[in-house]
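What follows is run26.pdb (PDB, C-alpha atoms, pLDDT in the B column).
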ATOM      1  CA  MET I   1     -24.380   2.737   6.709  1.00 71.00           C
ATOM      2  CA  VAL I   2     -20.844   3.752   7.567  1.00 81.00           C
ATOM      3  CA  GLU I   3     -20.088   5.539  10.820  1.00 89.00           C
ATOM      4  CA  ILE I   4     -17.674   8.427  10.314  1.00 93.00           C
ATOM      5  CA  SER I   5     -15.390  10.153  12.773  1.00 93.00           C
ATOM      6  CA  LEU I   6     -13.727  13.331  11.464  1.00 95.00           C
ATOM      7  CA  ASN I   7     -10.834  14.795  13.445  1.00 95.00           C
ATOM      8  CA  LYS I   8      -9.389  18.075  12.242  1.00 95.00           C
ATOM      9  CA  ILE I   9      -5.995  18.166  13.883  1.00 94.00           C
ATOM     10  CA  PHE I  10      -5.097  20.768  11.230  1.00 94.00           C
ATOM     11  CA  LYS I  11      -7.587  23.584  10.743  1.00 91.00           C
ATOM     12  CA  CYS I  12      -9.273  23.525   7.333  1.00 94.00           C
ATOM     13  CA  ASN I  13     -12.638  23.965   5.650  1.00 93.00           C
ATOM     14  CA  ILE I  14     -13.275  20.264   4.976  1.00 95.00           C
ATOM     15  CA  THR I  15     -16.674  19.304   6.356  1.00 94.00           C
ATOM     16  CA  LYS I  16     -18.093  16.047   7.631  1.00 94.00           C
ATOM     17  CA  GLN I  17     -20.628  16.331   4.781  1.00 95.00           C
ATOM     18  CA  ILE I  18     -17.864  16.016   2.155  1.00 96.00           C
ATOM     19  CA  VAL I  19     -16.443  12.989   3.975  1.00 96.00           C
ATOM     20  CA  PHE I  20     -19.935  11.481   4.236  1.00 95.00           C
ATOM     21  CA  GLU I  21     -20.559  11.944   0.486  1.00 96.00           C
ATOM     22  CA  VAL I  22     -17.320  10.137  -0.412  1.00 97.00           C
ATOM     23  CA  VAL I  23     -17.877   7.281   2.035  1.00 95.00           C
ATOM     24  CA  ASN I  24     -21.545   6.913   1.100  1.00 94.00           C
ATOM     25  CA  LEU I  25     -20.787   6.787  -2.632  1.00 96.00           C
ATOM     26  CA  LEU I  26     -18.015   4.245  -2.124  1.00 95.00           C
ATOM     27  CA  SER I  27     -20.270   2.095   0.055  1.00 93.00           C
ATOM     28  CA  LYS I  28     -22.657   1.830  -2.909  1.00 93.00           C
ATOM     29  CA  LYS I  29     -19.818   0.818  -5.249  1.00 91.00           C
ATOM     30  CA  GLU I  30     -17.946  -1.514  -2.883  1.00 92.00           C
ATOM     31  CA  LYS I  31     -19.730  -3.890  -0.480  1.00 89.00           C
ATOM     32  CA  LYS I  32     -16.744  -3.960   1.880  1.00 89.00           C
ATOM     33  CA  VAL I  33     -17.175  -0.262   2.712  1.00 91.00           C
ATOM     34  CA  LYS I  34     -19.225  -0.659   5.869  1.00 88.00           C
ATOM     35  CA  GLY I  35     -18.824  -0.255   9.602  1.00 86.00           C
ATOM     36  CA  GLY I  36     -16.778   2.730  10.686  1.00 90.00           C
ATOM     37  CA  VAL I  37     -13.924   4.894   9.505  1.00 94.00           C
ATOM     38  CA  GLU I  38     -11.861   7.533  11.263  1.00 95.00           C
ATOM     39  CA  VAL I  39     -10.599  10.402   9.093  1.00 97.00           C
ATOM     40  CA  ASN I  40      -7.849  12.600  10.513  1.00 97.00           C
ATOM     41  CA  ILE I  41      -6.800  15.813   8.815  1.00 98.00           C
ATOM     42  CA  VAL I  42      -3.254  16.639   9.850  1.00 98.00           C
ATOM     43  CA  ASP I  43      -0.245  18.749   8.866  1.00 98.00           C
ATOM     44  CA  ASN I  44       2.939  17.670   7.068  1.00 97.00           C
ATOM     45  CA  LYS I  45       4.952  17.282  10.278  1.00 97.00           C
ATOM     46  CA  PHE I  46       2.350  14.931  11.785  1.00 97.00           C
ATOM     47  CA  ILE I  47       2.000  12.732   8.695  1.00 97.00           C
ATOM     48  CA  LYS I  48       5.777  12.574   8.204  1.00 97.00           C
ATOM     49  CA  LYS I  49       6.163  11.315  11.786  1.00 97.00           C
ATOM     50  CA  ILE I  50       3.505   8.620  11.305  1.00 96.00           C
ATOM     51  CA  ASN I  51       4.976   7.642   7.936  1.00 96.00           C
ATOM     52  CA  LYS I  52       8.406   7.179   9.529  1.00 96.00           C
ATOM     53  CA  GLU I  53       7.131   5.315  12.597  1.00 95.00           C
ATOM     54  CA  CYS I  54       4.755   2.975  10.768  1.00 93.00           C
ATOM     55  CA  ARG I  55       6.290   2.532   7.337  1.00 92.00           C
ATOM     56  CA  GLY I  56       9.942   3.465   7.840  1.00 94.00           C
ATOM     57  CA  VAL I  57       9.633   6.251   5.251  1.00 94.00           C
ATOM     58  CA  ASN I  58      11.011   9.567   6.512  1.00 96.00           C
ATOM     59  CA  LYS I  59       9.029  11.939   4.301  1.00 96.00           C
ATOM     60  CA  GLU I  60       5.690  13.663   3.979  1.00 96.00           C
ATOM     61  CA  THR I  61       2.904  11.990   2.066  1.00 97.00           C
ATOM     62  CA  ASP I  62      -0.636  12.946   1.145  1.00 97.00           C
ATOM     63  CA  VAL I  63      -2.610  10.057   2.651  1.00 97.00           C
ATOM     64  CA  LEU I  64      -1.972   7.100   4.941  1.00 97.00           C
ATOM     65  CA  SER I  65      -4.459   4.314   5.629  1.00 95.00           C
ATOM     66  CA  PHE I  66      -4.383   1.837   8.476  1.00 93.00           C
ATOM     67  CA  ALA I  67      -6.822  -1.023   7.993  1.00 89.00           C
ATOM     68  CA  TRP I  68      -8.020  -2.682  11.176  1.00 80.00           C
ATOM     69  CA  GLN I  69      -9.244  -5.769   9.349  1.00 66.00           C
ATOM     70  CA  GLU I  70      -6.041  -6.323   7.391  1.00 57.00           C
ATOM     71  CA  ASP I  71      -5.002  -9.981   7.445  1.00 54.00           C
ATOM     72  CA  LYS I  72      -8.147 -10.587   9.543  1.00 55.00           C
ATOM     73  CA  VAL I  73      -6.073 -10.168  12.723  1.00 56.00           C
ATOM     74  CA  ILE I  74      -8.603  -7.865  14.366  1.00 59.00           C
ATOM     75  CA  LYS I  75     -12.262  -8.837  14.233  1.00 65.00           C
ATOM     76  CA  SER I  76     -14.092  -5.537  14.022  1.00 66.00           C
ATOM     77  CA  ASP I  77     -16.691  -3.710  11.963  1.00 74.00           C
ATOM     78  CA  PHE I  78     -14.356  -0.730  12.044  1.00 82.00           C
ATOM     79  CA  LEU I  79     -12.544  -0.323   8.695  1.00 90.00           C
ATOM     80  CA  GLY I  80      -9.656   1.720  10.026  1.00 92.00           C
ATOM     81  CA  GLN I  81      -8.008   5.106  10.155  1.00 95.00           C
ATOM     82  CA  ILE I  82      -7.049   7.526   7.419  1.00 97.00           C
ATOM     83  CA  TYR I  83      -4.622  10.404   7.825  1.00 98.00           C
ATOM     84  CA  ILE I  84      -4.637  13.159   5.211  1.00 98.00           C
ATOM     85  CA  SER I  85      -2.119  15.991   5.149  1.00 98.00           C
ATOM     86  CA  TYR I  86      -4.107  19.116   4.335  1.00 98.00           C
ATOM     87  CA  PRO I  87      -1.015  21.201   3.396  1.00 98.00           C
ATOM     88  CA  LYS I  88       0.112  18.418   1.020  1.00 98.00           C
ATOM     89  CA  ILE I  89      -3.373  18.235  -0.530  1.00 97.00           C
ATOM     90  CA  LYS I  90      -3.393  22.006  -0.940  1.00 97.00           C
ATOM     91  CA  LEU I  91       0.017  21.919  -2.667  1.00 97.00           C
ATOM     92  CA  GLN I  92      -0.963  19.044  -4.983  1.00 98.00           C
ATOM     93  CA  ALA I  93      -4.186  20.837  -5.922  1.00 98.00           C
ATOM     94  CA  LYS I  94      -2.198  23.942  -6.854  1.00 98.00           C
ATOM     95  CA  GLU I  95       0.380  21.906  -8.824  1.00 97.00           C
ATOM     96  CA  ASN I  96      -2.391  20.116 -10.751  1.00 97.00           C
ATOM     97  CA  ASN I  97      -4.526  23.223 -11.235  1.00 98.00           C
ATOM     98  CA  ILE I  98      -7.552  21.686  -9.486  1.00 98.00           C
ATOM     99  CA  THR I  99      -9.561  22.596  -6.410  1.00 97.00           C
ATOM    100  CA  ILE I 100      -8.536  21.554  -2.928  1.00 97.00           C
ATOM    101  CA  LYS I 101     -11.898  19.823  -2.581  1.00 97.00           C
ATOM    102  CA  GLU I 102     -11.214  17.704  -5.679  1.00 98.00           C
ATOM    103  CA  GLU I 103      -7.799  16.619  -4.412  1.00 98.00           C
ATOM    104  CA  PHE I 104      -9.200  15.927  -0.939  1.00 98.00           C
ATOM    105  CA  VAL I 105     -12.020  13.790  -2.356  1.00 98.00           C
ATOM    106  CA  ARG I 106      -9.500  11.893  -4.510  1.00 98.00           C
ATOM    107  CA  MET I 107      -7.165  11.179  -1.582  1.00 98.00           C
ATOM    108  CA  LEU I 108     -10.015  10.251   0.775  1.00 98.00           C
ATOM    109  CA  ALA I 109     -11.429   7.815  -1.787  1.00 97.00           C
ATOM    110  CA  HIS I 110      -7.915   6.449  -2.325  1.00 97.00           C
ATOM    111  CA  GLY I 111      -7.456   5.961   1.413  1.00 96.00           C
ATOM    112  CA  ILE I 112     -10.788   4.196   1.841  1.00 96.00           C
ATOM    113  CA  LEU I 113     -10.036   1.864  -1.055  1.00 95.00           C
ATOM    114  CA  HIS I 114      -6.780   0.937   0.696  1.00 94.00           C
ATOM    115  CA  LEU I 115      -8.772   0.146   3.846  1.00 93.00           C
ATOM    116  CA  ILE I 116     -10.802  -2.465   1.981  1.00 92.00           C
ATOM    117  CA  GLY I 117      -7.801  -4.146   0.412  1.00 90.00           C
ATOM    118  CA  TYR I 118      -6.972  -2.290  -2.790  1.00 91.00           C
ATOM    119  CA  ASP I 119      -3.367  -1.461  -3.519  1.00 88.00           C
ATOM    120  CA  HIS I 120      -1.361  -0.256  -6.474  1.00 85.00           C
ATOM    121  CA  ASN I 121       1.355  -2.916  -6.466  1.00 85.00           C
ATOM    122  CA  ILE I 122      -0.378  -4.991  -9.147  1.00 83.00           C
ATOM    123  CA  LYS I 123      -1.291  -3.079 -12.326  1.00 84.00           C
ATOM    124  CA  LYS I 124      -4.708  -4.679 -12.810  1.00 85.00           C
ATOM    125  CA  ARG I 125      -5.716  -3.915  -9.205  1.00 85.00           C
ATOM    126  CA  ALA I 126      -4.228  -0.425  -9.438  1.00 89.00           C
ATOM    127  CA  ASP I 127      -6.192   0.314 -12.617  1.00 92.00           C
ATOM    128  CA  LYS I 128      -9.438  -0.721 -10.922  1.00 92.00           C
ATOM    129  CA  MET I 129      -8.581   1.281  -7.789  1.00 93.00           C
ATOM    130  CA  PHE I 130      -7.814   4.454  -9.734  1.00 95.00           C
ATOM    131  CA  LYS I 131     -10.922   4.005 -11.904  1.00 95.00           C
ATOM    132  CA  ILE I 132     -13.199   3.825  -8.853  1.00 95.00           C
ATOM    133  CA  GLN I 133     -11.368   6.736  -7.231  1.00 96.00           C
ATOM    134  CA  GLU I 134     -11.864   8.936 -10.295  1.00 96.00           C
ATOM    135  CA  GLU I 135     -15.539   7.941 -10.616  1.00 96.00           C
ATOM    136  CA  VAL I 136     -16.036   9.238  -7.068  1.00 97.00           C
ATOM    137  CA  VAL I 137     -14.227  12.486  -7.877  1.00 97.00           C
ATOM    138  CA  LYS I 138     -16.349  13.060 -11.005  1.00 97.00           C
ATOM    139  CA  LYS I 139     -19.581  12.363  -9.158  1.00 96.00           C
ATOM    140  CA  ILE I 140     -18.838  14.600  -6.173  1.00 96.00           C
ATOM    141  CA  CYS I 141     -16.837  17.426  -7.725  1.00 93.00           C
TER     142      CYS I 141
END
Can the structure from this file be put into structure tokens for me?
Amino acid sequence: MVEISLNKIFKCNITKQIVFEVVNLLSKKEKKVKGGVEVNIVDNKFIKKINKECRGVNKETDVLSFAWQEDKVIKSDFLGQIYISYPKIKLQAKENNITIKEEFVRMLAHGILHLIGYDHNIKKRADKMFKIQEEVVKKIC
């Protein structure tokens, strides 16, 4: 079972139930999804600041993941923190003619997969990451 902390720094209609469904489904697909995860829903200004401070990229993004177990430096059952920009998700949903829920589920799944070591720098790993992400979206939305 994965412990979930949901912080809505930006007001929205995303519920802990939606977050739980995504995390629970991923924990059945990926053994590494266990312990705890903190999900923070923020605005564009907040995520841009974090992106600049932590990654040196001075622009808004949709999702940022910070894995606590990365490089096994921190010994913890806690997977890490995810920041999702709700305004960015809303915009991307509109641009792609999909629901906000669908885009949120996609970005949350994407963020969790980053927490357990997936990235999109290597095509084979990226293909697997995106496949799992889309399976979650189809199942939940």
Hey, which of I:Phe66, I:Tyr83, I:Phe20, I:Phe104 ends up closest to I:Val39? Count all atoms listed in the file.
I:Tyr83
Taking (0.1, 18.8, -1.0) in the file's coordinates as the center, which residues reach within 10 Å of it, counting only C-alpha atoms, put as an mmCIF file with C-alpha atoms, keeping the file's coordinate frame?
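Once everything was written out, this is result.cif:
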data_model
loop_
_atom_site.group_PDB
_atom_site.id
_atom_site.type_symbol
_atom_site.label_atom_id
_atom_site.label_comp_id
_atom_site.auth_asym_id
_atom_site.auth_seq_id
_atom_site.Cartn_x
_atom_site.Cartn_y
_atom_site.Cartn_z
ATOM 1 C CA ASP I 43 -0.245 18.749 8.866
ATOM 2 C CA ASN I 44 2.939 17.670 7.068
ATOM 3 C CA GLU I 60 5.690 13.663 3.979
ATOM 4 C CA THR I 61 2.904 11.990 2.066
ATOM 5 C CA ASP I 62 -0.636 12.946 1.145
ATOM 6 C CA VAL I 63 -2.610 10.057 2.651
ATOM 7 C CA ILE I 84 -4.637 13.159 5.211
ATOM 8 C CA SER I 85 -2.119 15.991 5.149
ATOM 9 C CA TYR I 86 -4.107 19.116 4.335
ATOM 10 C CA PRO I 87 -1.015 21.201 3.396
ATOM 11 C CA LYS I 88 0.112 18.418 1.020
ATOM 12 C CA ILE I 89 -3.373 18.235 -0.530
ATOM 13 C CA LYS I 90 -3.393 22.006 -0.940
ATOM 14 C CA LEU I 91 0.017 21.919 -2.667
ATOM 15 C CA GLN I 92 -0.963 19.044 -4.983
ATOM 16 C CA ALA I 93 -4.186 20.837 -5.922
ATOM 17 C CA LYS I 94 -2.198 23.942 -6.854
ATOM 18 C CA GLU I 95 0.380 21.906 -8.824
ATOM 19 C CA ILE I 100 -8.536 21.554 -2.928
ATOM 20 C CA GLU I 103 -7.799 16.619 -4.412
ATOM 21 C CA PHE I 104 -9.200 15.927 -0.939
#
Run the PyMOL selection byres ((chain I and resi 33) around 10) against the file shown and list the residues it catches, as a ChimeraX atom specification.
/I:1-2,23-32,34-37,77-79,112-113,115-116
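Put simply, atom CA of I:Leu64 is 8.9 Å away from atom CA of I:His114.
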Between I:Ile50, I:Val22, I:Ile41, I:Ile9, single out the one closest to I:Val137, counting all atoms listed in the file.
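Comparing I:Ile50, I:Val22, I:Ile41, I:Ile9 against I:Val137, the winner is I:Val22.
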For I:Ile47, which residue out of I:Cys12, I:Val105, I:Ala67, I:Ile82 is the nearest one, using all atoms listed in the file?
I:Ile82
Would you work out the distance separating atom CA of I:Gln81 from atom CA of I:Ser65, expressed in Å to one decimal?
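Pair atom CA of I:Gln81 / atom CA of I:Ser65 returns 5.8 Å.
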Would you please work out which residue, of I:Phe10, I:Glu134, I:Ser5, I:Met107, is nearest to I:Phe46 when using all atoms listed in the file?
I:Phe10
In Å and to one decimal, atom CA of I:Asn40 is distant from atom CA of I:Lys8 by 5.9 Å
From the set I:Gly80, I:Asn13, I:Val57, I:Val19, which residue has the shortest atom-to-atom contact distance to I:Gly117, counting all atoms listed in the file?
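Looking only at the distances to I:Gly117, the closest residue turns out to be I:Gly80.
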Listed atoms of stretch 130-140 of chain I, axis-aligned box, 5 Å per side: centre and edge lengths to one decimal in Å, as AutoDock Vina command-line options?
--center_x -13.7 --center_y 9.2 --center_z -9.0 --size_x 21.8 --size_y 20.8 --size_z 15.7
